[in-house]
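Visitor: This one is work.cif, mmCIF, C-alpha atoms.
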```cif
data_structure
loop_
_atom_site.label_atom_id
_atom_site.label_comp_id
_atom_site.auth_asym_id
_atom_site.auth_seq_id
_atom_site.Cartn_x
_atom_site.Cartn_y
_atom_site.Cartn_z
CA MET R 741 123.32 89.78 94.12
CA ASN R 742 120.37 87.41 94.61
CA ILE R 743 117.81 88.07 97.28
CA GLY R 744 114.95 85.99 98.69
CA TYR R 745 111.65 87.42 97.54
CA TYR R 746 108.26 87.12 99.24
CA PRO R 747 105.89 88.81 96.77
CA GLY R 748 102.65 88.56 98.72
CA CYS R 749 99.22 88.38 97.09
CA ALA R 750 98.93 91.97 95.92
CA LEU R 751 102.05 91.89 93.75
CA HIS R 752 100.84 88.73 92.04
CA GLY R 753 97.40 90.31 91.68
CA SER R 754 96.29 93.79 90.68
CA SER R 755 99.47 95.43 92.00
CA ASN R 756 101.56 93.62 89.39
CA ASP R 757 102.74 97.04 88.17
CA TYR R 758 104.67 97.27 91.46
CA GLU R 759 106.35 93.94 90.75
CA GLN R 760 107.21 95.02 87.20
CA SER R 761 108.75 98.22 88.60
CA LEU R 762 110.78 96.32 91.22
CA ARG R 763 112.16 93.75 88.79
CA ALA R 764 113.11 96.35 86.19
CA CYS R 765 114.68 98.72 88.70
CA LEU R 766 116.50 96.11 90.77
CA SER R 767 117.93 94.17 87.81
CA THR R 768 119.47 97.46 86.60
CA LEU R 769 121.21 97.52 89.99
CA ASP R 770 122.25 93.88 89.45
CA VAL R 771 119.87 92.55 92.11
CA GLN R 772 117.84 89.49 91.08
CA LEU R 773 114.68 88.53 92.98
CA ASP R 774 114.66 84.86 93.89
CA GLU R 775 111.00 84.12 94.63
CA MET R 776 110.17 81.64 97.40
CA LYS R 777 108.52 78.66 95.71
CA ASP R 778 106.13 77.77 98.51
CA TRP R 779 105.00 81.09 99.89
CA ILE R 780 101.45 81.49 101.17
CA CYS R 781 99.36 84.54 102.06
CA CYS R 782 100.40 86.28 105.32
CA GLY R 783 96.73 86.54 106.34
CA ALA R 784 96.78 90.32 106.03
CA THR R 785 94.27 92.50 107.89
CA ALA R 786 91.64 89.77 107.93
CA ALA R 787 93.77 87.37 109.97
CA HIS R 788 94.98 89.85 112.57
CA SER R 789 91.43 91.20 112.89
CA LEU R 790 89.66 87.89 113.34
CA ASN R 791 92.12 85.24 114.49
CA HIS R 792 95.29 86.11 116.40
CA LYS R 793 96.82 82.65 116.24
CA LEU R 794 96.30 82.42 112.50
CA SER R 795 97.87 85.86 112.05
CA LEU R 796 101.08 84.49 113.58
CA ALA R 797 100.91 81.01 112.02
CA LEU R 798 100.61 82.08 108.35
CA PRO R 799 103.70 84.31 108.36
CA ALA R 800 105.51 81.78 110.59
CA ARG R 801 105.00 79.15 107.89
CA ASN R 802 106.59 81.53 105.38
CA LEU R 803 109.56 82.16 107.68
CA ALA R 804 110.05 78.41 108.11
CA VAL R 805 109.88 77.75 104.36
CA ALA R 806 112.30 80.62 103.65
CA GLU R 807 114.74 79.19 106.18
CA ARG R 808 114.30 75.66 104.81
CA ASP R 809 115.14 76.99 101.34
CA GLY R 810 118.24 78.77 102.63
CA PHE R 811 117.15 82.38 102.31
CA LYS R 812 119.17 84.45 104.76
CA GLN R 813 117.37 87.60 103.64
CA LEU R 814 113.76 87.92 102.65
CA PHE R 815 112.58 90.98 100.78
CA ALA R 816 108.84 91.68 101.31
CA PRO R 817 107.83 94.74 99.25
CA CYS R 818 104.39 94.99 100.87
CA PRO R 819 104.73 96.64 104.30
CA LEU R 820 101.84 94.63 105.75
CA CYS R 821 103.43 91.33 104.69
CA SER R 822 106.76 92.59 105.96
CA MET R 823 105.31 93.64 109.32
CA GLN R 824 103.43 90.35 109.72
CA LEU R 825 106.63 88.39 109.01
CA LEU R 826 108.48 90.49 111.58
CA LYS R 827 105.67 90.05 114.11
CA ALA R 828 105.91 86.27 113.74
CA LYS R 829 109.70 86.49 113.98
CA LYS R 830 109.37 88.43 117.22
CA ALA R 831 106.81 85.96 118.60
CA VAL R 832 109.08 82.95 118.05
CA GLY R 833 111.68 84.60 120.27
CA ASP R 834 109.66 82.90 123.02
CA GLU R 835 110.63 79.21 122.91
CA ARG R 836 107.18 78.02 123.98
CA VAL R 837 105.50 80.01 121.19
CA ARG R 838 108.17 78.88 118.74
CA LYS R 839 107.46 75.20 119.47
CA GLU R 840 103.72 75.68 119.26
CA LEU R 841 103.88 77.56 115.96
CA SER R 842 106.33 75.02 114.52
CA GLU R 843 103.80 72.27 115.24
CA ILE R 844 100.93 74.25 113.74
CA VAL R 845 102.83 75.05 110.54
CA GLU R 846 104.48 71.60 110.20
CA ALA R 847 107.97 73.05 109.94
CA ASP R 848 110.70 74.25 112.24
CA VAL R 849 110.33 78.01 112.61
CA ARG R 850 113.58 79.59 113.73
CA GLY R 851 112.93 83.19 112.75
CA GLU R 852 116.51 83.77 111.62
CA SER R 853 115.96 85.26 108.16
CA GLU R 854 116.40 89.00 107.91
CA VAL R 855 113.17 90.59 106.64
CA LEU R 856 113.62 93.70 104.48
CA ASN R 857 111.22 96.35 103.22
CA LEU R 858 111.90 98.21 99.96
CA ILE R 859 113.70 101.17 101.56
CA GLN R 860 115.92 98.80 103.53
CA LEU R 861 116.76 96.89 100.35
CA PHE R 862 117.84 100.11 98.64
CA GLU R 863 119.88 101.02 101.73
CA LYS R 864 121.54 97.60 101.57
CA ILE R 865 122.39 98.14 97.90
CA GLY R 866 123.80 101.49 99.05
CA VAL R 867 122.48 105.03 98.60
CA GLU R 868 125.93 106.15 97.39
CA ARG R 869 126.06 103.36 94.83
CA ILE R 870 122.60 104.27 93.55
CA LYS R 871 123.57 107.93 93.45
CA SER R 872 126.64 107.19 91.34
CA ALA R 873 124.50 105.09 88.94
CA VAL R 874 122.04 107.92 88.25
CA LYS R 875 121.92 108.70 84.54
CA ALA R 876 118.88 110.99 84.42
CA PRO R 877 118.64 113.16 87.56
CA LEU R 878 114.98 113.77 88.44
CA LYS R 879 115.14 117.56 88.23
CA SER R 880 111.45 118.05 87.53
CA ILE R 881 110.28 115.94 90.50
CA THR R 882 109.20 117.52 93.80
CA ALA R 883 108.08 114.54 95.82
CA ALA R 884 106.00 114.09 98.96
CA CYS R 885 107.44 110.88 100.45
CA TYR R 886 104.56 108.90 101.95
CA TYR R 887 105.36 106.11 104.43
CA GLY R 888 101.84 105.26 105.56
CA CYS R 889 101.42 103.06 108.61
CA LEU R 890 103.36 99.87 108.58
CA LEU R 891 106.78 100.78 107.27
CA THR R 892 107.44 102.38 110.65
CA ARG R 893 104.73 100.96 112.93
CA PRO R 894 104.59 99.22 115.31
CA PRO R 895 108.13 100.43 116.11
CA ASP R 896 108.85 97.58 118.55
CA VAL R 897 108.17 95.12 115.71
CA VAL R 898 109.60 96.77 112.61
CA HIS R 899 112.46 98.76 114.21
CA PHE R 900 112.73 101.00 111.17
CA ASP R 901 113.41 104.73 110.93
CA ASP R 902 111.65 107.30 113.17
CA PHE R 903 107.97 106.38 113.49
CA GLU R 904 106.76 109.99 113.68
CA GLN R 905 109.30 111.76 111.43
CA PRO R 906 110.88 109.19 109.12
CA THR R 907 113.45 110.52 106.61
CA SER R 908 114.95 107.43 104.93
CA MET R 909 112.85 107.79 101.78
CA GLU R 910 113.71 111.49 101.45
CA THR R 911 117.43 110.64 101.65
CA LEU R 912 117.09 108.16 98.81
CA VAL R 913 114.87 110.40 96.66
CA ALA R 914 117.30 113.32 97.13
CA ALA R 915 120.14 111.07 95.90
CA LEU R 916 118.20 110.73 92.63
CA GLY R 917 118.39 114.48 92.06
CA ALA R 918 114.75 115.14 93.03
CA LYS R 919 113.43 117.64 95.55
CA THR R 920 111.29 116.55 98.51
CA VAL R 921 108.79 118.54 100.56
CA GLU R 922 108.13 118.77 104.28
CA TRP R 923 104.46 117.93 104.85
CA ASN R 924 102.06 116.72 107.51
CA TYR R 925 100.66 113.39 106.36
CA LYS R 926 103.67 111.20 105.68
CA THR R 927 102.80 108.64 108.36
CA GLU R 928 99.00 109.01 108.34
CA CYS R 929 96.88 106.07 107.19
CA CYS R 930 95.28 105.83 103.71
CA GLY R 931 92.56 103.42 104.87
CA ALA R 932 94.52 100.36 103.78
CA GLY R 933 92.43 97.26 103.13
CA MET R 934 89.11 99.05 103.63
CA THR R 935 88.97 100.04 99.93
CA MET R 936 85.93 97.86 99.27
CA SER R 937 84.37 97.34 102.68
CA ASN R 938 84.49 100.90 104.05
CA GLU R 939 85.07 103.14 101.07
CA GLN R 940 84.12 106.41 102.80
CA ILE R 941 87.05 106.13 105.21
CA VAL R 942 89.45 105.51 102.33
CA LEU R 943 88.14 108.47 100.31
CA GLU R 944 88.36 110.84 103.29
CA LEU R 945 91.86 109.78 104.27
CA ALA R 946 93.16 109.71 100.69
CA HIS R 947 91.71 113.19 100.16
CA LYS R 948 93.60 114.57 103.16
CA ILE R 949 96.87 112.96 102.08
CA LEU R 950 96.67 114.02 98.42
CA SER R 951 95.55 117.58 99.26
CA ASN R 952 98.19 118.09 101.93
CA ALA R 953 100.93 116.94 99.55
CA ALA R 954 99.71 119.42 96.92
CA GLU R 955 99.42 122.27 99.45
CA HIS R 956 103.06 121.77 100.38
CA GLY R 957 104.21 122.07 96.80
CA ALA R 958 104.66 118.43 95.80
CA ASN R 959 104.04 117.46 92.18
CA CYS R 960 103.92 113.75 93.00
CA LEU R 961 103.63 111.26 95.85
CA VAL R 962 106.05 108.40 96.42
CA VAL R 963 104.93 105.19 98.13
CA ALA R 964 106.47 101.83 99.00
CA CYS R 965 103.22 99.91 99.54
CA PRO R 966 100.74 98.29 97.12
CA MET R 967 97.66 99.24 99.17
CA CYS R 968 98.74 102.88 99.51
CA HIS R 969 99.07 102.95 95.73
CA VAL R 970 95.59 101.48 95.21
CA ASN R 971 93.96 104.01 97.53
CA LEU R 972 95.88 107.07 96.32
CA ASP R 973 96.14 106.26 92.60
CA MET R 974 93.27 103.95 91.59
CA LYS R 975 90.78 105.61 93.94
CA GLN R 976 91.92 109.17 93.15
CA ALA R 977 89.15 109.68 90.57
CA ALA R 978 86.59 108.63 93.21
CA VAL R 979 88.20 111.06 95.70
CA GLU R 980 87.92 113.85 93.11
CA ARG R 981 84.24 113.05 92.54
CA ARG R 982 83.47 112.81 96.26
CA PHE R 983 85.13 116.14 97.14
CA GLY R 984 84.42 117.95 93.88
CA LYS R 985 87.95 118.98 93.09
CA LYS R 986 90.67 118.09 90.66
CA LEU R 987 93.80 116.62 92.23
CA GLY R 988 95.76 115.06 89.36
CA MET R 989 98.50 113.88 91.70
CA VAL R 990 100.81 111.27 90.17
CA VAL R 991 101.67 108.46 92.61
CA TYR R 992 104.96 106.64 92.05
CA TYR R 993 106.30 103.54 93.69
CA LEU R 994 109.73 104.28 95.14
CA SER R 995 111.25 101.84 92.63
CA ASP R 996 109.68 103.87 89.78
CA LEU R 997 111.69 106.93 90.76
CA VAL R 998 114.91 104.97 91.25
CA GLY R 999 114.32 103.27 87.89
CA LEU R 1000 113.63 106.55 86.06
CA ALA R 1001 116.79 108.07 87.50
CA LEU R 1002 118.77 105.02 86.36
CA GLY R 1003 117.57 105.71 82.83
CA LEU R 1004 114.67 103.24 82.51
CA SER R 1005 111.51 104.28 80.67
CA ALA R 1006 108.02 104.69 82.14
CA GLU R 1007 106.92 101.70 80.04
CA GLN R 1008 109.72 99.48 81.33
CA LEU R 1009 108.72 100.32 84.90
CA GLY R 1010 104.96 99.96 84.31
CA ILE R 1011 104.26 103.60 85.18
CA ASN R 1012 102.03 103.79 82.09
CA ARG R 1013 99.76 101.26 83.84
CA HIS R 1014 98.95 103.56 86.75
CA PHE R 1015 95.58 105.32 86.82
CA VAL R 1016 96.83 108.88 87.22
CA THR R 1017 99.51 109.58 84.64
CA GLN R 1018 101.38 112.75 83.75
CA ALA R 1019 99.15 114.97 81.58
CA MET Y 310 82.67 110.78 113.18
CA HIS Y 311 83.24 107.19 112.16
CA MET Y 312 83.97 105.78 115.59
CA ASP Y 313 81.20 105.81 118.19
CA VAL Y 314 83.82 105.29 120.89
CA ALA Y 315 87.42 106.59 120.62
CA PRO Y 316 90.27 104.05 120.93
CA ASN Y 317 91.21 105.25 124.45
CA GLN Y 318 87.56 104.92 125.47
CA VAL Y 319 87.45 101.37 124.08
CA VAL Y 320 90.37 100.51 126.35
CA ARG Y 321 88.59 102.20 129.27
CA LEU Y 322 85.41 100.19 128.64
CA VAL Y 323 87.48 97.02 128.86
CA GLN Y 324 89.13 98.20 132.09
CA LEU Y 325 85.70 98.89 133.58
CA GLY Y 326 84.46 95.45 132.57
CA GLU Y 327 81.90 96.90 130.16
CA TRP Y 328 82.52 94.11 127.72
CA GLU Y 329 79.24 94.24 125.89
CA LYS Y 330 79.60 97.90 125.03
CA ALA Y 331 83.11 97.30 123.71
CA LEU Y 332 82.18 94.17 121.76
CA GLN Y 333 79.10 95.77 120.21
CA SER Y 334 80.81 99.06 119.33
CA ARG Y 335 81.13 100.27 115.75
CA ALA Y 336 84.59 101.54 116.63
CA ILE Y 337 86.29 98.15 116.61
CA TRP Y 338 85.17 97.59 113.00
CA GLU Y 339 85.88 101.17 111.90
CA CYS Y 340 89.47 100.77 113.10
CA VAL Y 341 91.77 100.29 110.10
CA GLY Y 342 94.68 98.98 112.18
CA CYS Y 343 97.04 101.89 111.46
CA GLN Y 344 98.72 101.42 114.88
CA THR Y 345 98.89 105.16 115.57
CA CYS Y 346 97.03 104.90 118.90
CA SER Y 347 99.42 102.19 120.12
CA THR Y 348 102.49 104.30 119.34
CA ARG Y 349 101.07 107.43 120.97
CA CYS Y 350 99.43 106.00 124.11
CA PRO Y 351 101.19 107.66 127.08
CA LYS Y 352 100.58 104.49 129.12
CA GLU Y 353 102.01 102.26 126.36
CA VAL Y 354 98.76 100.34 125.96
CA ASP Y 355 98.69 98.42 122.69
CA CYS Y 356 95.29 99.84 121.73
CA ALA Y 357 95.46 98.36 118.20
CA GLY Y 358 96.15 94.94 119.72
CA VAL Y 359 93.16 95.41 122.03
CA MET Y 360 91.03 96.23 118.95
CA ASP Y 361 92.16 92.97 117.29
CA ALA Y 362 91.29 90.94 120.39
CA LEU Y 363 87.89 92.63 120.69
CA ARG Y 364 87.04 91.95 117.02
CA GLU Y 365 87.85 88.28 117.45
CA ALA Y 366 85.75 88.06 120.64
CA SER Y 367 82.92 90.10 119.16
CA LEU Y 368 82.65 87.78 116.17
CA ALA Y 369 82.90 84.61 118.28
CA ARG Y 370 79.98 85.83 120.44
CA GLY Y 371 77.89 87.03 117.51
CA MET Y 372 78.02 90.60 118.82
CA ALA Y 373 79.49 92.42 115.81
CA ALA Y 374 77.74 95.76 115.13
CA ALA Y 375 75.08 95.06 112.50
CA ASP Y 376 75.67 98.27 110.56
CA ARG Y 377 79.33 97.34 110.07
CA TYR Y 378 78.26 94.24 108.16
CA LEU Y 379 80.42 95.03 105.10
CA VAL Y 380 83.66 95.14 107.06
CA VAL Y 381 82.89 91.93 108.95
CA ALA Y 382 81.78 90.07 105.82
CA PHE Y 383 84.82 91.22 103.84
CA GLN Y 384 87.27 89.95 106.46
CA LYS Y 385 85.51 86.59 106.77
CA ILE Y 386 85.31 86.06 103.02
CA PHE Y 387 88.97 87.10 102.65
CA LEU Y 388 90.04 84.38 105.10
CA GLU Y 389 87.89 81.70 103.41
CA ASN Y 390 89.45 82.71 100.10
CA ILE Y 391 93.05 82.30 101.22
CA ARG Y 392 92.17 79.06 102.99
CA ARG Y 393 91.03 77.60 99.64
CA ASN Y 394 93.68 79.13 97.39
CA GLY Y 395 96.71 79.68 99.60
CA TRP Y 396 96.98 83.11 97.97
CA LEU Y 397 94.28 85.68 97.55
CA ASN Y 398 92.15 85.28 94.42
CA GLU Y 399 91.00 88.87 93.91
CA LEU Y 400 88.20 88.33 91.39
CA GLU Y 401 86.72 85.52 93.45
CA LEU Y 402 86.93 87.71 96.56
CA ILE Y 403 85.12 90.58 94.85
CA GLY Y 404 82.42 88.26 93.42
CA GLN Y 405 81.76 86.50 96.70
CA PHE Y 406 81.81 89.70 98.73
CA LYS Y 407 79.32 91.42 96.43
CA ALA Y 408 77.02 88.39 96.30
CA ASP Y 409 77.11 88.07 100.10
CA VAL Y 410 76.34 91.76 100.69
CA VAL Y 411 73.46 91.77 98.20
CA LEU Y 412 71.96 88.60 99.68
CA HIS Y 413 72.26 89.94 103.20
CA THR Y 414 71.22 93.55 102.68
CA GLY Y 415 69.09 93.37 99.51
CA ARG Y 416 71.12 96.27 98.09
CA ILE Y 417 71.10 95.19 94.44
CA PRO Y 418 73.04 98.30 93.18
CA PHE Y 419 75.98 97.16 95.32
CA LEU Y 420 76.56 94.47 92.67
CA PHE Y 421 77.42 97.16 90.14
CA LYS Y 422 79.38 99.46 92.43
CA ASP Y 423 82.79 100.22 90.90
CA ALA Y 424 81.95 97.94 87.95
CA GLY Y 425 83.43 100.68 85.75
CA LEU Y 426 86.83 99.92 87.24
CA ALA Y 427 86.88 96.41 85.76
CA PRO Y 428 87.59 97.42 82.12
CA GLN Y 429 90.10 99.99 83.35
CA LEU Y 430 91.91 97.33 85.36
CA GLY Y 431 91.73 95.00 82.36
CA LYS Y 432 93.24 97.60 80.06
CA ARG Y 433 96.12 97.98 82.52
CA LYS Y 434 96.64 94.19 82.64
CA LYS Y 435 95.80 94.17 86.34
CA LEU Y 436 93.09 91.49 86.23
CA HIS Y 437 93.94 87.83 86.36
CA LEU Y 438 91.14 85.65 85.06
CA ILE Y 439 93.08 82.47 85.84
CA PRO Y 440 95.12 83.45 88.90
CA GLY Y 441 97.86 81.29 90.36
CA LYS Y 442 97.40 79.24 93.49
CA ALA Y 443 99.87 78.35 96.21
CA ARG Y 444 101.62 75.02 95.54
CA ASP Y 445 100.90 73.45 98.91
CA ARG Y 446 97.31 74.35 99.72
CA GLY Y 447 96.86 71.31 101.96
CA VAL Y 448 99.14 72.75 104.59
CA VAL Y 449 97.25 76.07 104.49
CA ASP Y 450 93.99 74.27 105.20
CA ARG Y 451 95.55 72.33 108.09
CA ILE Y 452 97.01 75.54 109.58
CA PHE Y 453 93.52 77.07 109.48
CA GLU Y 454 92.06 73.96 111.08
CA ARG Y 455 94.57 74.01 113.95
CA CYS Y 456 94.11 77.71 114.58
CA ALA Y 457 90.33 77.35 114.57
CA SER Y 458 90.23 74.44 117.03
CA GLU Y 459 92.57 76.37 119.27
CA ARG Y 460 90.04 79.18 119.38
CA LYS Y 461 87.14 76.95 120.43
CA ALA Y 462 89.11 75.37 123.27
#
```
What does the file become when written as structure tokens?
Guide:
Amino acid sequence: MNIGYYPGCALHGSSNDYEQSLRACLSTLDVQLDEMKDWICCGATAAHSLNHKLSLALPARNLAVAERDGFKQLFAPCPLCSMQLLKAKKAVGDERVRKELSEIVEADVRGESEVLNLIQLFEKIGVERIKSAVKAPLKSITAACYYGCLLTRPPDVVHFDDFEQPTSMETLVAALGAKTVEWNYKTECCGAGMTMSNEQIVLELAHKILSNAAEHGANCLVVACPMCHVNLDMKQAAVERRFGKKLGMVVYYLSDLVGLALGLSAEQLGINRHFVTQA
Amino acid sequence: MHMDVAPNQVVRLVQLGEWEKALQSRAIWECVGCQTCSTRCPKEVDCAGVMDALREASLARGMAAADRYLVVAFQKIFLENIRRNGWLNELELIGQFKADVVLHTGRIPFLFKDAGLAPQLGKRKKLHLIPGKARDRGVVDRIFERCASERKA
């Protein structure tokens, strides 16, 4: 199966370990990522913070290009990209807005492509199919599944899972033979794009998330977002320094765990390129 | 406490017509856009959307809280970056952000903050010295132009 792929800036930048993990894991499941040739940045936090129209126009351009190129489904592994695409798709439901945005972006925006996050893509492949393909059940993993903000919020835009108590990731992780924990911070924010501009917020939030996962017996965190991974993995040493305690919490992308269970190695998935690695 | 005014109070300020207080608040720049307030508001007010609108208005009127300079500068430089490149160029963003903050605040050590991460990122093949650019950057620039003129009108 081929699927339209909107990588977003992070996966072509310093979160290229996430892309490596996705490609390795998905090709094992016979899913090939067909990258949009003319994608542009969705505008991210900066656009929705400073310029509302721009925050709709940039993802609308991507929707139009995806439709022009015949992609019925568009997989956006970054939840912010995915939410922005869905927000634009919702906005063009209004014919007046649709016409205006089409003029701004120089292309007919119809908003017909189905936008998928990583969990939805795995669900489309089929949890049962993944379960039957497991070669190395993850018996030693006790995971805290972390959804963060935008996989489930805003619910009237993303329409995915329960926005207070989501369970879709736990279902998938359990199918891999791993255990999951009940914990308090699965939909709390990690500080997102404030890593550089407001570091204190990121360190405080990451500290709460990592500590709560450990207190509930998890030996790793699982994320489906490049920014969550940056704040919880790359910044973990800074969190440890700031709060004077050792955390040592491994943070996996969801595709890492699926890949490991399918028999791929840590090197094939890029897990050896994370900051916190198994001791 | 990071926020000087809680999200529900920001909405109340707007309802009361206390625009200046809302537009000058630290809170609107401390907000990380997690959308939690919008999903939990018993009156279904889109508080996060209100925050977005207030940031845009605050910047347009030159009323952004001075001590939140880093957040404001980062967002502006981020947008200029994607306007030029179509995609984000991370190294350029970091360089320009640091230079801007040092020039504006005189905090020279900020230049070297997290510099230790660079070799670690390099070792993990996470730095791109010659990053890719979007194929059609002209259209990105025109989209920015149209969205900017719309805002002035």
Visitor: Considering only C-alpha atoms, give me a table of residues in chain Y that are at most 6 Å from chain R, with the closest atom pair and distance in Å for each, as a Markdown table.
Guide:
```
| residue | atom | partner | partner_atom | distance |
| --- | --- | --- | --- | --- |
| Y:Cys343 | CA | R:Cys889 | CA | 5.4 |
| Y:Asp361 | CA | R:Ser789 | CA | 4.8 |
| Y:Glu365 | CA | R:Leu790 | CA | 4.5 |
| Y:Leu379 | CA | R:Ser937 | CA | 5.2 |
| Y:Val380 | CA | R:Ser937 | CA | 5.0 |
| Y:Gln384 | CA | R:Ala786 | CA | 4.6 |
| Y:Gly395 | CA | R:Ile780 | CA | 5.3 |
| Y:Trp396 | CA | R:Cys781 | CA | 4.9 |
| Y:Leu397 | CA | R:Cys749 | CA | 5.6 |
| Y:Arg433 | CA | R:Arg1013 | CA | 5.1 |
| Y:Lys435 | CA | R:Ser754 | CA | 4.4 |
| Y:Leu436 | CA | R:Ser754 | CA | 5.9 |
| Y:Ile452 | CA | R:Ile844 | CA | 5.9 |
| Y:Cys456 | CA | R:Leu794 | CA | 5.6 |
```
Visitor: Evaluate the PyMOL selection byres ((chain R and resi 909) around 12) on the structure here and hand back the selected residues as a PyMOL selection string.
Guide: chain R and resi 857-863+867+883-888+891-892+900-902+905-908+910-916+918-921+926+961-964+993-995+997-998
Visitor: Based on the selection just made, write C-alpha atoms of those residues as a JSON list (two decimals), in the coordinates of the input.
Guide:
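Written output follows (again_13.json):
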```
[["chain", "number", "residue", "atom", "x", "y", "z"],
["R", 857, "ASN", "CA", 111.22, 96.35, 103.22],
["R", 858, "LEU", "CA", 111.90, 98.21, 99.96],
["R", 859, "ILE", "CA", 113.70, 101.17, 101.56],
["R", 860, "GLN", "CA", 115.92, 98.80, 103.53],
["R", 861, "LEU", "CA", 116.76, 96.89, 100.35],
["R", 862, "PHE", "CA", 117.84, 100.11, 98.64],
["R", 863, "GLU", "CA", 119.88, 101.02, 101.73],
["R", 867, "VAL", "CA", 122.48, 105.03, 98.60],
["R", 883, "ALA", "CA", 108.08, 114.54, 95.82],
["R", 884, "ALA", "CA", 106.00, 114.09, 98.96],
["R", 885, "CYS", "CA", 107.44, 110.88, 100.45],
["R", 886, "TYR", "CA", 104.56, 108.90, 101.95],
["R", 887, "TYR", "CA", 105.36, 106.11, 104.43],
["R", 888, "GLY", "CA", 101.84, 105.26, 105.56],
["R", 891, "LEU", "CA", 106.78, 100.78, 107.27],
["R", 892, "THR", "CA", 107.44, 102.38, 110.65],
["R", 900, "PHE", "CA", 112.73, 101.00, 111.17],
["R", 901, "ASP", "CA", 113.41, 104.73, 110.93],
["R", 902, "ASP", "CA", 111.65, 107.30, 113.17],
["R", 905, "GLN", "CA", 109.30, 111.76, 111.43],
["R", 906, "PRO", "CA", 110.88, 109.19, 109.12],
["R", 907, "THR", "CA", 113.45, 110.52, 106.61],
["R", 908, "SER", "CA", 114.95, 107.43, 104.93],
["R", 910, "GLU", "CA", 113.71, 111.49, 101.45],
["R", 911, "THR", "CA", 117.43, 110.64, 101.65],
["R", 912, "LEU", "CA", 117.09, 108.16, 98.81],
["R", 913, "VAL", "CA", 114.87, 110.40, 96.66],
["R", 914, "ALA", "CA", 117.30, 113.32, 97.13],
["R", 915, "ALA", "CA", 120.14, 111.07, 95.90],
["R", 916, "LEU", "CA", 118.20, 110.73, 92.63],
["R", 918, "ALA", "CA", 114.75, 115.14, 93.03],
["R", 919, "LYS", "CA", 113.43, 117.64, 95.55],
["R", 920, "THR", "CA", 111.29, 116.55, 98.51],
["R", 921, "VAL", "CA", 108.79, 118.54, 100.56],
["R", 926, "LYS", "CA", 103.67, 111.20, 105.68],
["R", 961, "LEU", "CA", 103.63, 111.26, 95.85],
["R", 962, "VAL", "CA", 106.05, 108.40, 96.42],
["R", 963, "VAL", "CA", 104.93, 105.19, 98.13],
["R", 964, "ALA", "CA", 106.47, 101.83, 99.00],
["R", 993, "TYR", "CA", 106.30, 103.54, 93.69],
["R", 994, "LEU", "CA", 109.73, 104.28, 95.14],
["R", 995, "SER", "CA", 111.25, 101.84, 92.63],
["R", 997, "LEU", "CA", 111.69, 106.93, 90.76],
["R", 998, "VAL", "CA", 114.91, 104.97, 91.25]]
```
Visitor: Neighbours of Y:Lys422 within 12 Å (only C-alpha atoms; same-chain residues fewer than 2 positions away dropped), as number ranges by chain?
Guide: R: 936-937, 939, 978; Y: 403-404, 406-408, 410-411, 416-420, 424-427
Visitor: Closest to Y:Gly371 among Y:Gln333, Y:Gln405, Y:Gln344, Y:Asn390, using only C-alpha atoms?
Guide: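 Between Y:Gln333, Y:Gln405, Y:Gln344, Y:Asn390, the residue approaching Y:Gly371 most closely is Y:Gln333.
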Visitor: Identify which of the residues R:Ile881, R:Ala831, R:Cys968, R:Ala847 lies closest to R:Ala804, counting only C-alpha atoms when measuring atom-to-atom distances.
Guide: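 For R:Ala804, the nearest of the given residues is R:Ala847.
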Visitor: Return the single residue from Y:Leu438, Y:Val448, Y:Val381, Y:Leu363 that is closest to Y:Asn394, with distances computed using all atoms listed in the file.
Guide: Y:Val448
Visitor: Kindly give the distance, in Å, that separates atom CA of R:Val991 and atom CA of R:Cys960, rounded to a single decimal.
Guide: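 Distance between the two atoms: 5.8 Å.
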Visitor: How would you write, as a ChimeraX atom specification, the residues chosen by the PyMOL selection byres ((chain Y and resi 336) around 6) on this structure?
Guide: /Y:312-314,334-335,337-339
Visitor: Could you state which residues are captured by the PyMOL selection byres ((chain R and resi 825) around 8) in this file, as a list in words?
Guide: Cys782, Pro799, Ala800, Asn802, Leu803, Cys821, Ser822, Met823, Gln824, Leu826, Lys827, Ala828, Lys829 and Val855 of chain R
Visitor: For Y:Arg364, which residue among Y:Ala443, Y:Glu389, Y:Val341, Y:Cys350 is the nearest when counting all atoms listed in the file?
Guide: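 Ranked by minimum distance to Y:Arg364, first place goes to Y:Val341.
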Visitor: Please report the interatomic distance between atom CA of Y:Cys356 and atom CA of Y:Pro316 in Å with one decimal.
Guide: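 Those two atoms sit 6.6 Å apart.
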Visitor: Report, in Å with one decimal, the straight-line distance from atom CA of Y:Asp355 to atom CA of Y:Ala369.
Guide: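 Interatomic distance, atom CA of Y:Asp355 to atom CA of Y:Ala369: 21.4 Å.
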Visitor: Looking at only C-alpha atoms, which of R:Glu944, R:Asp996, R:Glu807, R:Glu854 is the one that sits closest to R:Asn971?
Guide: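 The shortest atom-to-atom distance to R:Asn971 comes from R:Glu944.
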Visitor: Please define a box with edges along x, y and z of the file around all atoms of stretch 894-900 of chain R given in the file, extend it by 6 Å on each side, and return its centre and edge lengths in Å to one decimal, as AutoDock Vina command-line options.
Guide:
```
--center_x 108.7 --center_y 98.1 --center_z 114.9 --size_x 20.1 --size_y 17.9 --size_z 19.4
```
Visitor: For R:Pro819, which residue among R:Cys965, R:Val837, R:Ala873, R:Leu773 is the nearest when counting all atoms listed in the file?
Guide: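 Among the listed residues, R:Cys965 lies closest to R:Pro819.
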